[in-house]
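Following: one structure in structure tokens, then a few remarks.
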Amino acid sequence: MLQVGIIGLGAMGQGMATNLAKAGVLTAIYNRTTEKAQLLGQKLGVFVAISPEELASQVNVIFLCVSRDCDVLEIVQALTKTIQAGSVVIDMSTVSSHTAKQAAAILAKKNVDFLDAPVSGGVEGANSGQLAMMVGGDVAVLEKVRPILETMATRIVHIGQTGTGQATKAVNQIMAAGINQAVTEALAFAQAQNLPMNKIIEVISGGAAGNWFLQHRGVTMTQGNYQAGFKLALHHKDLVICEQMGESVDVPLPLSTQTRLDYEQLMTDGFGDCDISALYRLKVK
């Protein structure tokens with residue numbers, strides 16, 4: 001029987017943990033901020049581990065949802081102390097393909113399978129269980145855990161070998177940078193023309209230029225509301241990874257680089273914890 005644990009209860013992790021619990025498959029949770037884990041554990045009625053090692057001793061499927069490459073590798077190293085042979089570790093963080101391959105190699109020494117399975121869909125998708133998941137690793141392992149993944153995601157696509165899930169997420173993050181630039185620039189233009197912003201967003205969202213970001217963030221950004229959905233500082237971190245990956249294959253990413261530089265200005269101004277739609281601040285006069 002598959003027993004599931006999740007490590008990392010940020011904005012995305014909480015929603016995913018909740019959907020796992022609703023499906024009756026979640027056994028244990030862990031978060032560095034103990035209070036957050038305890039509150040969620042009480043709400044969901046699941047075991048709250050005091051360390052990654054304790055969680056690994058209780059389950060045989062472990063989801064990771066943390067912020068940075070170094071966090072993934074640190075947790076994977078900790079898991080190796082107690083993890084059971086035959087377990088599966090599924091990393092839903094956004095890290096580099098190289099980190100995914102490193103994590104897989106570390107776990108393989110313990111006869112543990114690894115999937116890199118980053119997601120897209122934002123906090124809304126995490127809460128509703130409607131994420132898109134891009135998976136790298138052994139397809140047989142994916143099929144083994146697919147019923148669990150389906151509690152969190154409506155689109156699960158096997159991309160290829162280990163690391164390809166993260167490479168695909170890099171494609172997503174590069175595209176998100178371009179969309180952010182286009183939407184914020186266009187809406188700043190509309191505002192300068194004194195157009196009715198709600199009507200502009202409504203009609204364009206239904207046409208060829210419509211997109212998720214415009215539909216879900218257009219109104220709030222034009223009202224000066226940048227409540228975090230996808231933190232700007234995290235997208236900045238992702239774009240650094242994308243640029244490094246691009247350099248390794250000699251592919252320049254000028255739009256991503258410009259977005260990263262814009263984010264750095266906003267982070268200096270104190271907007272790192274805001275939603276990426278805070279880019280709108282740099283466009284309006």
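Lettering and numbering for the structure tokens are positional, with chains as A, B, ... in the shown order, residues counted from 1 in each chain, and ligands counted from 1 in the shown order.
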
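DSSP annotation of region 110-156 of chain A from backbone atoms: alpha helix (DSSP H) residues are Gly122, Val123, Glu124, Gly125, Ala126, Asn127, Ser128, Val139, Ala140, Val141, Leu142, Glu143, Lys144, Val145, Arg146, Pro147, Ile148 and Leu149 of chain A.
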
Which region 17-131 of chain A residues have any atom within 9 Å of an atom of region 2-12 of chain A, and for each, what is the nearest pair of atoms with distance in Å to one decimal, counting only C-alpha atoms, rows sorted by chain and number, as a tab-separated table?
residue	atom	partner	partner_atom	distance
A:Ala17	CA	A:Ile6	CA	6.8
A:Leu20	CA	A:Val4	CA	8.3
A:Val25	CA	A:Val4	CA	6.1
A:Leu26	CA	A:Val4	CA	4.9
A:Thr27	CA	A:Val4	CA	5.3
A:Ala28	CA	A:Gly5	CA	4.6
A:Ile29	CA	A:Ile6	CA	5.0
A:Tyr30	CA	A:Ile7	CA	4.8
A:Asn31	CA	A:Gly8	CA	5.1
A:Arg32	CA	A:Gly8	CA	7.5
A:Thr33	CA	A:Leu9	CA	8.7
A:Lys36	CA	A:Leu9	CA	7.6
A:Ala37	CA	A:Leu9	CA	7.1
A:Leu40	CA	A:Leu9	CA	8.7
A:Pro52	CA	A:Ile7	CA	7.3
A:Leu55	CA	A:Gly5	CA	6.7
A:Ala56	CA	A:Gly5	CA	7.8
A:Gln58	CA	A:Gln3	CA	7.8
A:Val59	CA	A:Gln3	CA	4.8
A:Asn60	CA	A:Gln3	CA	5.5
A:Val61	CA	A:Val4	CA	4.8
A:Ile62	CA	A:Gly5	CA	4.9
A:Phe63	CA	A:Ile6	CA	4.5
A:Leu64	CA	A:Ile7	CA	4.9
A:Cys65	CA	A:Gly8	CA	4.9
A:Val66	CA	A:Gly8	CA	5.3
A:Ser67	CA	A:Gly8	CA	8.6
A:Ile75	CA	A:Ile7	CA	8.8
A:Ser87	CA	A:Leu2	CA	9.0
A:Gly122	CA	A:Met12	CA	7.3
A:Val123	CA	A:Met12	CA	5.5
A:Glu124	CA	A:Met12	CA	8.7
A:Gly125	CA	A:Met12	CA	8.6
A:Ala126	CA	A:Met12	CA	5.6
A:Asn127	CA	A:Met12	CA	7.6

Can you check which parts of region 63-130 of chain A lie within 10 Å of region 242-264 of chain A? Per residue, the shortest pair of atoms and distance in Å to one decimal, counting only C-alpha atoms, sorted by chain and number, as CSV.
residue,atom,partner,partner_atom,distance
A:Val95,CA,A:Cys242,CA,9.4
A:Ser96,CA,A:Met245,CA,7.7
A:Ser97,CA,A:Met245,CA,8.4
A:His98,CA,A:Met245,CA,9.2

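Take CA of Gly41 (chain A) and CA of Pro147 (chain A): the distance between them is 22.5 Å.
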
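Among the candidates A:Ser277, A:Thr99, A:Gln265, A:Thr82, the one nearest to Tyr226 (chain A) when counting only C-alpha atoms is A:Ser277.
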
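Proximity ranking of A:Val89, A:Ala105, A:Met197, A:Val183 relative to Leu142 (chain A) places A:Val89 first, based on only C-alpha atoms.
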
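Among the candidate residues A:Met92, A:Met16, A:Ile50, A:Ile200, the one lying nearest to Thr34 (chain A) is A:Ile50, with distances computed using only C-alpha atoms.
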
Shell around Leu73 (chain A) at 9 Å using only C-alpha atoms, local window under 2 positions removed, as a PDB file with N, CA and C atoms, in the first residue's frame:
ATOM      1  N   ARG A  68      14.402  26.002  -3.450  1.00  0.00           N
ATOM      2  CA  ARG A  68      15.681  26.160  -4.131  1.00  0.00           C
ATOM      3  C   ARG A  68      16.401  24.826  -4.339  1.00  0.00           C
ATOM      4  N   ASP A  69      17.340  24.840  -5.274  1.00  0.00           N
ATOM      5  CA  ASP A  69      18.129  23.648  -5.581  1.00  0.00           C
ATOM      6  C   ASP A  69      18.818  23.098  -4.343  1.00  0.00           C
ATOM      7  N   CYS A  70      19.432  23.989  -3.565  1.00  0.00           N
ATOM      8  CA  CYS A  70      20.161  23.537  -2.375  1.00  0.00           C
ATOM      9  C   CYS A  70      19.219  22.908  -1.358  1.00  0.00           C
ATOM     10  N   ASP A  71      17.970  23.398  -1.286  1.00  0.00           N
ATOM     11  CA  ASP A  71      16.985  22.819  -0.373  1.00  0.00           C
ATOM     12  C   ASP A  71      16.630  21.393  -0.789  1.00  0.00           C
ATOM     13  N   ILE A  75      17.439  18.108   1.539  1.00  0.00           N
ATOM     14  CA  ILE A  75      16.364  17.228   2.003  1.00  0.00           C
ATOM     15  C   ILE A  75      16.589  15.805   1.499  1.00  0.00           C
ATOM     16  N   VAL A  76      16.991  15.658   0.251  1.00  0.00           N
ATOM     17  CA  VAL A  76      17.249  14.327  -0.304  1.00  0.00           C
ATOM     18  C   VAL A  76      18.338  13.616   0.506  1.00  0.00           C
ATOM     19  N   GLN A  77      19.384  14.340   0.853  1.00  0.00           N
ATOM     20  CA  GLN A  77      20.442  13.739   1.677  1.00  0.00           C
ATOM     21  C   GLN A  77      19.886  13.293   3.027  1.00  0.00           C
ATOM     22  N   ALA A  78      19.015  14.107   3.618  1.00  0.00           N
ATOM     23  CA  ALA A  78      18.412  13.735   4.901  1.00  0.00           C
ATOM     24  C   ALA A  78      17.521  12.504   4.757  1.00  0.00           C
ATOM     25  N   THR A  99      20.225  19.500 -10.991  1.00  0.00           N
ATOM     26  CA  THR A  99      19.859  19.153  -9.611  1.00  0.00           C
ATOM     27  C   THR A  99      18.972  17.923  -9.586  1.00  0.00           C
ATOM     28  N   ALA A 100      18.037  17.825 -10.522  1.00  0.00           N
ATOM     29  CA  ALA A 100      17.174  16.644 -10.591  1.00  0.00           C
ATOM     30  C   ALA A 100      18.005  15.381 -10.790  1.00  0.00           C
ATOM     31  N   GLN A 102      21.150  14.957  -9.987  1.00  0.00           N
ATOM     32  CA  GLN A 102      21.904  14.719  -8.764  1.00  0.00           C
ATOM     33  C   GLN A 102      21.044  14.017  -7.719  1.00  0.00           C
ATOM     34  N   ALA A 103      19.836  14.518  -7.540  1.00  0.00           N
ATOM     35  CA  ALA A 103      18.926  13.922  -6.551  1.00  0.00           C
ATOM     36  C   ALA A 103      18.620  12.471  -6.904  1.00  0.00           C
ATOM     37  N   ILE A 106      21.617  10.246  -6.032  1.00  0.00           N
ATOM     38  CA  ILE A 106      21.754  10.032  -4.582  1.00  0.00           C
ATOM     39  C   ILE A 106      20.765   8.970  -4.109  1.00  0.00           C
TER      40      ILE A 106
END

Nearby residues (only C-alpha atoms) at most 12 Å from Leu195 (chain A), same-chain spacing under 6 positions excluded, as a PyMOL selection string: chain A and resi 186-189+201+222

Write to file, as a PDB file, in the first residue's frame, the residues of the selection just made, with C-alpha atoms.
ATOM      1  CA  ALA A 186      -0.285  46.472 -22.855  1.00  0.00           C
ATOM      2  CA  LEU A 187      -2.375  47.300 -19.795  1.00  0.00           C
ATOM      3  CA  ALA A 188      -0.144  50.257 -18.934  1.00  0.00           C
ATOM      4  CA  PHE A 189      -0.725  51.483 -22.502  1.00  0.00           C
ATOM      5  CA  ILE A 201      -9.485  42.989 -19.734  1.00  0.00           C
ATOM      6  CA  THR A 222      -4.515  47.568 -12.475  1.00  0.00           C
TER       7      THR A 222
END

Pick from A:Ala170, A:Val88, A:Val139, A:Val240, whichever lies nearest to His158 (chain A) using only C-alpha atoms: A:Val139

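Comparing the minimum interatomic distances between Lys283 (chain A) and each of A:Gln223, A:Gln191, A:Phe213, A:Leu239, counting only C-alpha atoms, we find that A:Gln191 sits nearest.
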
Polymer residues at most 10 Å from Trp212 (chain A), only C-alpha atoms, same-chain spacing of 6 or more positions, as an mmCIF file with N, CA and C atoms, in the first residue's frame:
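Everything below was put into selection_4.cif:
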data_model
loop_
_atom_site.group_PDB
_atom_site.id
_atom_site.type_symbol
_atom_site.label_atom_id
_atom_site.label_comp_id
_atom_site.auth_asym_id
_atom_site.auth_seq_id
_atom_site.Cartn_x
_atom_site.Cartn_y
_atom_site.Cartn_z
ATOM 1 N N GLY A 121 0.277 26.229 -12.853
ATOM 2 C CA GLY A 121 -1.140 26.443 -12.587
ATOM 3 C C GLY A 121 -1.382 27.388 -11.432
ATOM 4 N N ILE A 179 5.052 36.648 -21.181
ATOM 5 C CA ILE A 179 3.637 36.993 -21.011
ATOM 6 C C ILE A 179 3.489 38.130 -20.006
ATOM 7 N N SER A 205 -9.452 39.146 -22.934
ATOM 8 C CA SER A 205 -9.340 37.794 -22.369
ATOM 9 C C SER A 205 -10.094 36.772 -23.206
ATOM 10 N N GLY A 218 -5.136 40.488 -14.358
ATOM 11 C CA GLY A 218 -5.318 41.788 -15.005
ATOM 12 C C GLY A 218 -6.008 42.800 -14.112
#

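Interatomic distance, CA of Gln181 (chain A) against CA of Arg281 (chain A): 11.5 Å.
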
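Computed from the coordinates, the CA of Gly272 (chain A) to CA of Ala177 (chain A) distance equals 15.2 Å.
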
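The smallest atom-to-atom distance between Gly137 (chain A) and any of A:Thr164, A:Asn19, A:Gln84, A:Asn111, using only C-alpha atoms, is found for A:Thr164.
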